[in-house]
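Here's coords.cif, which has mmCIF, C-alpha atoms:
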```cif
data_data
#
loop_
_atom_site.label_atom_id
_atom_site.label_comp_id
_atom_site.auth_asym_id
_atom_site.auth_seq_id
_atom_site.Cartn_x
_atom_site.Cartn_y
_atom_site.Cartn_z
CA MET A 22 -14.32 -13.79 -20.47
CA ALA A 23 -10.54 -13.40 -20.79
CA SER A 24 -8.55 -14.61 -17.83
CA GLU A 25 -6.66 -12.14 -15.68
CA THR A 26 -3.08 -11.54 -16.81
CA LYS A 27 -0.61 -12.03 -13.97
CA PHE A 28 2.30 -9.60 -14.09
CA SER A 29 5.45 -9.83 -12.00
CA PHE A 30 7.58 -6.82 -11.10
CA ASN A 31 11.15 -6.02 -10.12
CA LEU A 32 12.53 -2.78 -8.68
CA LEU A 33 14.98 -0.82 -10.83
CA PRO A 34 16.99 0.77 -7.99
CA THR A 35 19.58 2.51 -10.18
CA LYS A 36 17.04 4.46 -12.26
CA THR A 37 17.24 8.19 -11.46
CA PHE A 38 14.88 11.03 -12.34
CA SER A 39 16.32 14.41 -13.16
CA PHE A 40 13.57 16.36 -11.42
CA LEU A 41 14.66 14.74 -8.16
CA GLN A 42 18.35 15.47 -8.85
CA ASP A 43 18.38 19.00 -10.29
CA LYS A 44 19.19 21.61 -7.64
CA SER A 45 16.97 24.38 -9.01
CA THR A 46 14.00 22.00 -9.37
CA LEU A 47 14.46 20.77 -5.80
CA GLN A 48 14.49 24.35 -4.56
CA LEU A 49 11.18 24.99 -6.31
CA LEU A 50 9.65 21.80 -4.90
CA MET A 51 10.69 22.97 -1.44
CA LYS A 52 9.14 26.40 -2.07
CA TRP A 53 5.93 24.71 -3.20
CA SER A 54 5.83 22.52 -0.06
CA MET A 55 6.26 19.30 -2.06
CA LEU A 56 9.88 18.32 -1.42
CA GLY A 57 10.15 15.24 0.77
CA ARG A 58 6.60 14.26 -0.16
CA ILE A 59 7.06 13.70 -3.88
CA SER A 60 8.78 10.65 -5.33
CA ALA A 61 9.38 8.61 -8.47
CA GLN A 62 10.26 4.92 -8.60
CA ALA A 63 10.92 2.53 -11.45
CA PHE A 64 9.98 -1.14 -11.83
CA SER A 65 10.25 -3.64 -14.67
CA PHE A 66 7.58 -6.20 -15.56
CA ASP A 67 7.48 -9.48 -17.43
CA GLN A 68 4.38 -9.61 -19.67
CA ASN A 69 3.11 -7.71 -22.68
CA PHE A 70 1.08 -4.68 -21.64
CA TYR A 71 -1.96 -3.31 -23.45
CA PRO A 72 -3.99 -0.28 -22.31
CA TYR A 73 -7.22 -2.31 -22.16
CA ASN A 74 -5.50 -4.47 -19.54
CA SER A 75 -4.76 -1.55 -17.20
CA HIS A 76 -6.91 -2.79 -14.33
CA ASP A 77 -5.32 -6.25 -14.25
CA PHE A 78 -1.89 -4.65 -14.52
CA THR A 79 -2.62 -2.31 -11.60
CA LEU A 80 -4.04 -5.08 -9.42
CA SER A 81 -1.01 -7.28 -10.12
CA PHE A 82 1.23 -4.33 -9.30
CA PHE A 83 -0.26 -3.70 -5.87
CA ARG A 84 -0.25 -7.40 -4.99
CA ASP A 85 3.29 -8.13 -6.18
CA PRO A 86 5.74 -9.07 -3.36
CA CYS A 87 8.51 -6.85 -4.77
CA VAL A 88 6.15 -3.87 -5.01
CA LEU A 89 4.82 -4.43 -1.49
CA THR A 90 8.40 -4.45 -0.19
CA ASN A 91 9.63 -1.41 -2.11
CA LEU A 92 6.76 0.92 -3.07
CA ARG A 93 6.99 4.09 -1.00
CA LYS A 94 4.05 6.02 0.39
CA MET A 95 3.82 8.81 2.95
CA GLU A 96 2.02 8.19 6.24
CA ALA A 97 2.14 10.37 9.37
CA GLY A 98 5.09 12.28 7.95
CA ALA A 99 7.24 9.22 7.24
CA TRP A 100 7.94 7.04 4.20
CA VAL A 101 6.52 3.55 4.67
CA THR A 102 5.63 0.55 2.52
CA LEU A 103 2.19 -0.92 1.96
CA GLU A 104 0.88 -2.99 4.83
CA GLY A 105 -1.96 -5.47 4.63
CA GLU A 106 -3.59 -7.01 1.59
CA VAL A 107 -4.85 -4.82 -1.22
CA VAL A 108 -8.40 -6.00 -1.84
CA CYS A 109 -9.14 -3.86 -4.90
CA VAL A 110 -7.75 -1.03 -7.01
CA GLN A 111 -9.02 1.89 -9.01
CA ALA A 112 -7.26 2.39 -12.34
CA GLU A 113 -8.12 5.25 -14.68
CA VAL A 114 -6.27 5.59 -17.97
CA VAL A 115 -5.27 9.23 -18.43
CA PRO A 116 -4.91 10.66 -21.96
CA CYS A 117 -1.25 11.29 -22.75
CA SER A 118 -0.55 12.45 -26.29
CA LYS A 119 1.29 15.79 -26.06
CA VAL A 120 4.86 16.06 -27.35
CA SER A 121 5.26 19.84 -26.99
CA MET A 122 4.26 22.62 -24.61
CA GLU A 123 1.96 24.28 -27.16
CA MET A 124 -1.11 23.31 -25.14
CA PHE A 125 -0.21 26.11 -22.70
CA ASP A 126 -0.53 28.83 -25.39
CA PRO A 127 -4.18 29.56 -24.38
CA LEU A 128 -2.92 30.79 -21.01
CA TYR A 129 -1.52 33.79 -22.89
CA SER A 130 -4.33 34.33 -25.40
CA SER A 131 -6.92 34.22 -22.59
CA GLY A 132 -5.10 36.84 -20.51
CA ILE A 133 -4.32 34.48 -17.62
CA ILE A 134 -0.65 35.10 -18.35
CA THR A 135 0.65 38.45 -19.63
CA SER A 136 3.08 38.78 -22.52
CA SER A 137 5.88 39.25 -19.98
CA GLY A 138 5.06 35.89 -18.36
CA HIS A 139 3.45 37.34 -15.23
CA ILE A 140 0.37 35.66 -13.78
CA THR A 141 -2.63 38.02 -13.75
CA LYS A 142 -3.90 38.82 -10.26
CA CYS A 143 -7.63 38.88 -9.47
CA PHE A 144 -9.99 39.53 -6.58
CA HIS A 145 -11.29 36.66 -4.44
CA ASP A 146 -13.67 36.63 -1.48
CA THR A 147 -11.52 34.36 0.72
CA HIS A 148 -8.02 34.41 -0.77
CA PRO A 149 -6.37 37.85 -0.42
CA ASP A 150 -3.54 37.09 -2.88
CA TYR A 151 -5.26 35.26 -5.73
CA ASP A 152 -4.72 35.01 -9.48
CA LEU A 153 -6.43 33.89 -12.67
CA LEU A 154 -4.20 30.82 -13.00
CA ARG A 155 -5.32 29.27 -9.73
CA GLN A 156 -8.88 30.33 -10.50
CA MET A 157 -8.69 28.44 -13.79
CA LEU A 158 -7.25 25.36 -12.09
CA GLN A 159 -9.63 25.23 -9.12
CA GLU A 160 -12.96 26.84 -9.92
CA ASP A 161 -15.12 25.03 -12.47
CA GLY A 162 -17.53 27.96 -12.65
CA SER A 163 -14.87 30.45 -13.71
CA GLU A 164 -14.66 31.92 -17.22
CA GLU A 165 -11.11 30.58 -17.53
CA TYR A 166 -11.90 26.98 -16.55
CA GLY A 167 -12.27 25.63 -20.08
CA VAL A 168 -9.31 27.27 -21.81
CA MET A 169 -7.14 24.12 -21.69
CA GLU A 170 -7.41 20.36 -22.29
CA ARG A 171 -7.83 19.35 -18.68
CA ARG A 172 -7.72 15.56 -19.02
CA GLU A 173 -4.22 15.36 -20.53
CA PHE A 174 -1.42 14.09 -18.28
CA LEU A 175 0.72 17.11 -19.22
CA PHE A 176 -2.00 19.41 -17.87
CA LEU A 177 -2.36 17.33 -14.69
CA VAL A 178 1.38 17.53 -13.96
CA PHE A 179 1.20 21.30 -14.46
CA LYS A 180 -1.82 21.58 -12.18
CA HIS A 181 -0.16 19.54 -9.43
CA MET A 182 2.98 21.66 -9.57
CA THR A 183 1.07 24.95 -9.57
CA LEU A 184 -1.17 24.11 -6.61
CA GLY A 185 1.64 22.49 -4.61
CA GLY A 186 1.49 21.36 -1.00
CA GLU A 187 0.00 22.60 2.24
CA LEU A 188 2.32 25.60 2.68
CA CYS A 189 2.87 26.39 -1.00
CA GLN A 190 4.51 29.72 -1.83
CA TYR A 191 3.05 30.64 -5.22
CA GLU A 192 4.98 32.09 -8.13
CA ASP A 193 4.34 35.49 -9.73
CA THR A 194 5.47 34.29 -13.18
CA ILE A 195 4.60 31.19 -15.21
CA ASN A 196 8.11 30.00 -16.20
CA PRO A 197 8.96 28.03 -13.01
CA TYR A 198 5.75 26.01 -13.38
CA ILE A 199 6.23 25.40 -17.11
CA ASP A 200 9.91 24.47 -16.79
CA THR A 201 9.30 22.05 -13.91
CA THR A 202 6.34 20.47 -15.72
CA ARG A 203 8.49 19.96 -18.82
CA THR A 204 11.28 18.35 -16.80
CA ILE A 205 8.94 15.93 -15.03
CA TYR A 206 7.03 15.05 -18.20
CA ARG A 207 10.24 14.27 -20.08
CA ASP A 208 11.46 12.16 -17.18
CA LEU A 209 8.34 10.03 -17.08
CA VAL A 210 6.92 9.77 -20.60
CA SER A 211 8.48 7.74 -23.45
CA VAL A 212 8.20 8.79 -27.09
CA GLN A 213 9.15 7.37 -30.47
CA LYS A 214 9.78 8.84 -33.93
CA ASN A 215 8.08 7.45 -37.01
CA PRO A 216 10.95 6.64 -39.42
CA GLU A 217 8.88 7.67 -42.46
CA SER A 218 6.90 10.71 -41.33
CA LYS A 219 9.48 11.75 -38.68
CA GLU A 220 6.57 12.55 -36.38
CA ILE A 221 7.12 12.02 -32.67
CA SER A 222 4.40 10.27 -30.66
CA VAL A 223 3.94 9.15 -27.06
CA VAL A 224 4.15 5.40 -26.44
CA SER A 225 3.54 5.46 -22.69
CA THR A 226 0.21 4.67 -21.06
CA VAL A 227 -0.58 6.70 -17.95
CA ILE A 228 -2.83 5.23 -15.25
CA LYS A 229 -4.08 7.20 -12.27
CA VAL A 230 -4.25 4.69 -9.44
CA SER A 231 -5.47 4.14 -5.91
CA ALA A 232 -5.54 1.00 -3.78
CA LEU A 233 -7.92 -0.16 -1.05
CA ASP A 234 -7.38 -2.52 1.83
CA ALA A 235 -9.94 -3.84 4.33
CA SER A 236 -10.14 -0.40 5.99
CA GLY A 237 -10.66 1.61 2.78
CA VAL A 238 -8.32 3.62 0.61
CA CYS A 239 -4.72 3.01 1.70
CA TYR A 240 -2.83 4.46 -1.27
CA PRO A 241 -1.83 7.11 -2.24
CA ALA A 242 -3.16 8.36 1.13
CA ARG A 243 -5.84 7.50 3.68
CA GLU A 244 -7.39 10.96 3.42
CA GLU A 245 -8.74 12.05 0.05
CA GLU A 246 -7.07 15.15 -1.35
CA ASP A 247 -6.64 16.21 -4.99
CA GLN A 248 -2.95 16.93 -4.40
CA SER A 249 -2.32 13.42 -3.04
CA PHE A 250 -1.88 11.35 -6.19
CA SER A 251 -0.14 8.43 -7.82
CA TYR A 252 0.27 7.68 -11.52
CA LEU A 253 1.73 4.57 -13.15
CA ILE A 254 3.47 5.50 -16.41
CA VAL A 255 3.92 2.33 -18.45
CA ASP A 256 6.44 1.94 -21.26
CA PRO A 257 5.20 -1.21 -23.09
CA PHE A 258 8.37 -1.65 -25.16
CA ARG A 259 10.96 -1.45 -22.40
CA ARG A 260 8.49 -3.10 -20.01
CA HIS A 261 9.17 -0.42 -17.44
CA VAL A 262 6.65 1.29 -15.18
CA TYR A 263 7.38 4.55 -13.36
CA VAL A 264 5.46 5.54 -10.24
CA PHE A 265 4.90 9.29 -9.86
CA TYR A 266 3.65 10.00 -6.33
CA HIS A 267 2.87 12.88 -4.00
CA CYS A 268 1.20 13.10 -0.59
CA TYR A 269 -0.28 16.51 0.27
CA GLY A 270 1.15 18.21 3.33
CA ASP A 271 3.90 20.43 4.67
CA TYR A 272 7.50 20.40 3.42
CA LEU A 273 9.60 17.54 4.79
CA ALA A 274 13.34 17.06 4.59
CA CYS A 275 14.19 14.18 2.27
#
```
Could you take the file, read its structure, and then write that structure out as structure tokens?
Amino acid sequence: MASETKFSFNLLPTKTFSFLQDKSTLQLLMKWSMLGRISAQAFSFDQNFYPYNSHDFTLSFFRDPCVLTNLRKMEAGAWVTLEGEVVCVQAEVVPCSKVSMEMFDPLYSSGIITSSGHITKCFHDTHPDYDLLRQMLQEDGSEEYGVMERREFLFLVFKHMTLGGELCQYEDTINPYIDTTRTIYRDLVSVQKNPESKEISVVSTVIKVSALDASGVCYPAREEEDQSFSYLIVDPFRRHVYVFYHCYGDYLAC
């Protein structure tokens, strides 16, 4: 059996992400009850990365002294660092192949979104102000559930933005969700152009991660919630890894 690859990491403190700088995006994140609870950080690493090695990479990441000192997570309404030893990790490679927003076209052809960009409202037993978009995202028994490729990272970013935080104020039109998803995706995912075919392809590997200490799951949050998440987005050529994180809850000032 191949031996475990030991990676070392360093924080890249000067790396900025436009979705955390742009005023209009920040206003939307506040409206969706995510501002102050969503973050992105950048680290470099020192070994060659291959997708099949994602578990070793993730375990090295959560045990690295620099990561332990600098990785931010939300706990009891405050940003803290990891405490205690990480005993094991869960690392799931997420498909990430999209280089355009065409995958959202079925939202229109299915009637979830009207030609004017408005989200179609619908009746719900418990939610008085409900719509087909949230029904598609949340209810696996709905007719709309299968209209999109749900495993792709681009879809997951869109889903996270649309469902938001604890006190999310939902949009009536699709554009704010699409525009914010595009901004975040471009911030996090690296692409390259084939010099012969001119085709653009994604080079990043995306890993959905969680970490456990002696008490159980400690990252991204102690309590399980679909909208509490962390993804490692690995650029194997630059040897950079971006951490895209959110902890579900109410809006907090940054």
State, in Å with one decimal place, the distance from atom CA of Asp256 of chain A to atom CA of Phe66 of chain A. 10.0 Å
Closest to Leu41 of chain A among A:Ser137, A:Gln68, A:Ser60, A:Ser121, using all atoms listed in the file?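 Residue with the minimum atom-to-atom distance to Leu41 of chain A: A:Ser60.
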Nearby residues (only C-alpha atoms) at most 9 Å from Ser251 of chain A, same-chain spacing under 5 positions excluded, as a list of chain:residue names: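 These residues fall inside the cut-off: A:Ile228, A:Lys229, A:Val230, A:Ser231, A:Tyr240, A:Pro241, A:Val264, A:Phe265, A:Tyr266, A:His267, A:Cys268.
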Name every residue that the PyMOL selection byres ((chain A and resi 203) around 12) selects in this structure, writing the answer as number ranges by chain with chains first and numbers rising. A: 39-40, 46, 119-125, 174-179, 182, 196-202, 204-210
Any chance you can output those residues with C-alpha atoms as a PDB file, in the frame of the given file?
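Result file is selection33.pdb:
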```pdb
ATOM      1  CA  SER A  39      16.320  14.410 -13.160  1.00  0.00           C
ATOM      2  CA  PHE A  40      13.570  16.360 -11.420  1.00  0.00           C
ATOM      3  CA  THR A  46      14.000  22.000  -9.370  1.00  0.00           C
ATOM      4  CA  LYS A 119       1.290  15.790 -26.060  1.00  0.00           C
ATOM      5  CA  VAL A 120       4.860  16.060 -27.350  1.00  0.00           C
ATOM      6  CA  SER A 121       5.260  19.840 -26.990  1.00  0.00           C
ATOM      7  CA  MET A 122       4.260  22.620 -24.610  1.00  0.00           C
ATOM      8  CA  GLU A 123       1.960  24.280 -27.160  1.00  0.00           C
ATOM      9  CA  MET A 124      -1.110  23.310 -25.140  1.00  0.00           C
ATOM     10  CA  PHE A 125      -0.210  26.110 -22.700  1.00  0.00           C
ATOM     11  CA  PHE A 174      -1.420  14.090 -18.280  1.00  0.00           C
ATOM     12  CA  LEU A 175       0.720  17.110 -19.220  1.00  0.00           C
ATOM     13  CA  PHE A 176      -2.000  19.410 -17.870  1.00  0.00           C
ATOM     14  CA  LEU A 177      -2.360  17.330 -14.690  1.00  0.00           C
ATOM     15  CA  VAL A 178       1.380  17.530 -13.960  1.00  0.00           C
ATOM     16  CA  PHE A 179       1.200  21.300 -14.460  1.00  0.00           C
ATOM     17  CA  MET A 182       2.980  21.660  -9.570  1.00  0.00           C
ATOM     18  CA  ASN A 196       8.110  30.000 -16.200  1.00  0.00           C
ATOM     19  CA  PRO A 197       8.960  28.030 -13.010  1.00  0.00           C
ATOM     20  CA  TYR A 198       5.750  26.010 -13.380  1.00  0.00           C
ATOM     21  CA  ILE A 199       6.230  25.400 -17.110  1.00  0.00           C
ATOM     22  CA  ASP A 200       9.910  24.470 -16.790  1.00  0.00           C
ATOM     23  CA  THR A 201       9.300  22.050 -13.910  1.00  0.00           C
ATOM     24  CA  THR A 202       6.340  20.470 -15.720  1.00  0.00           C
ATOM     25  CA  THR A 204      11.280  18.350 -16.800  1.00  0.00           C
ATOM     26  CA  ILE A 205       8.940  15.930 -15.030  1.00  0.00           C
ATOM     27  CA  TYR A 206       7.030  15.050 -18.200  1.00  0.00           C
ATOM     28  CA  ARG A 207      10.240  14.270 -20.080  1.00  0.00           C
ATOM     29  CA  ASP A 208      11.460  12.160 -17.180  1.00  0.00           C
ATOM     30  CA  LEU A 209       8.340  10.030 -17.080  1.00  0.00           C
ATOM     31  CA  VAL A 210       6.920   9.770 -20.600  1.00  0.00           C
TER      32      VAL A 210
END
```
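In this model, the gap between atom CA of Ser136 of chain A and atom CA of Asp150 of chain A comes to 20.8 Å.
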Can you work out which one of A:Val114, A:Leu50, A:Pro34, A:Glu246 has the shortest atom-to-atom distance to Glu173 of chain A, counting only C-alpha atoms? A:Val114
Nearest residue to Thr135 of chain A from the set A:Thr194, A:Asp77, A:Leu103, A:Phe82 (distances using all atoms listed in the file):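 The closest residue to Thr135 of chain A is A:Thr194.
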Computed interatomic separation between atom CA of Val262 of chain A and atom CA of Ser118 of chain A (Å):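 According to the coordinates, atom CA of Val262 of chain A and atom CA of Ser118 of chain A are separated by 17.3 Å.
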Target residues per the PyMOL selection byres ((chain A and resi 85-90) around 12), formatted as an MDAnalysis selection string: chainID A and resid 27:34 62:66 77:84 91:94 101:107 232 240 262:264
Which residue, A:Glu244, A:Tyr73, A:Val224, A:Gln48, has the smallest gap to Arg259 of chain A when you use only C-alpha atoms?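 With only C-alpha atoms as the atom set, the closest residue is A:Val224.
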Once you count all atoms listed in the file, which residues end up no further than 9 Å from (0.3, 36.7, -12.2) in the file's frame, shown as a ChimeraX atom specification? /A:133-135,138-143,151-154,192-195
If we count all atoms listed in the file and set the cut-off at 8 Å, which residues sit around Gly270 of chain A, ignoring sequence neighbours fewer than 3 positions away in its own chain? Please answer as a ChimeraX atom specification. /A:54-55,58,186-188
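Nearest to Cys239 of chain A of all the residues A:Gln111, A:Leu47, A:Leu56, A:Ala61 is A:Gln111, counting all atoms listed in the file.
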First collect every listed atom of segment 256-261 of chain A; then fit an axis-aligned box around them, widen it by 5 Å on each side, and give centre and edge lengths in Å to one decimal, as lines of an AutoDock Vina configuration file.
```
center_x = 8.1
center_y = -0.6
center_z = -21.3
size_x = 15.8
size_y = 15.0
size_z = 17.7
```
Name the residues that the PyMOL selection byres ((chain A and resi 157-168) around 9) picks from the file above, as a PyMOL selection string, using the file's chain letters and numbers. chain A and resi 127-128+131+133+152-156+169-171+180+183-184
Residues just named, written with C-alpha atoms as an mmCIF file, in the frame of the given file:
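Output (selection_4.cif):
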```
data_model
loop_
_atom_site.group_PDB
_atom_site.id
_atom_site.type_symbol
_atom_site.label_atom_id
_atom_site.label_comp_id
_atom_site.auth_asym_id
_atom_site.auth_seq_id
_atom_site.Cartn_x
_atom_site.Cartn_y
_atom_site.Cartn_z
ATOM 1 C CA PRO A 127 -4.180 29.560 -24.380
ATOM 2 C CA LEU A 128 -2.920 30.790 -21.010
ATOM 3 C CA SER A 131 -6.920 34.220 -22.590
ATOM 4 C CA ILE A 133 -4.320 34.480 -17.620
ATOM 5 C CA ASP A 152 -4.720 35.010 -9.480
ATOM 6 C CA LEU A 153 -6.430 33.890 -12.670
ATOM 7 C CA LEU A 154 -4.200 30.820 -13.000
ATOM 8 C CA ARG A 155 -5.320 29.270 -9.730
ATOM 9 C CA GLN A 156 -8.880 30.330 -10.500
ATOM 10 C CA MET A 169 -7.140 24.120 -21.690
ATOM 11 C CA GLU A 170 -7.410 20.360 -22.290
ATOM 12 C CA ARG A 171 -7.830 19.350 -18.680
ATOM 13 C CA LYS A 180 -1.820 21.580 -12.180
ATOM 14 C CA THR A 183 1.070 24.950 -9.570
ATOM 15 C CA LEU A 184 -1.170 24.110 -6.610
#
```
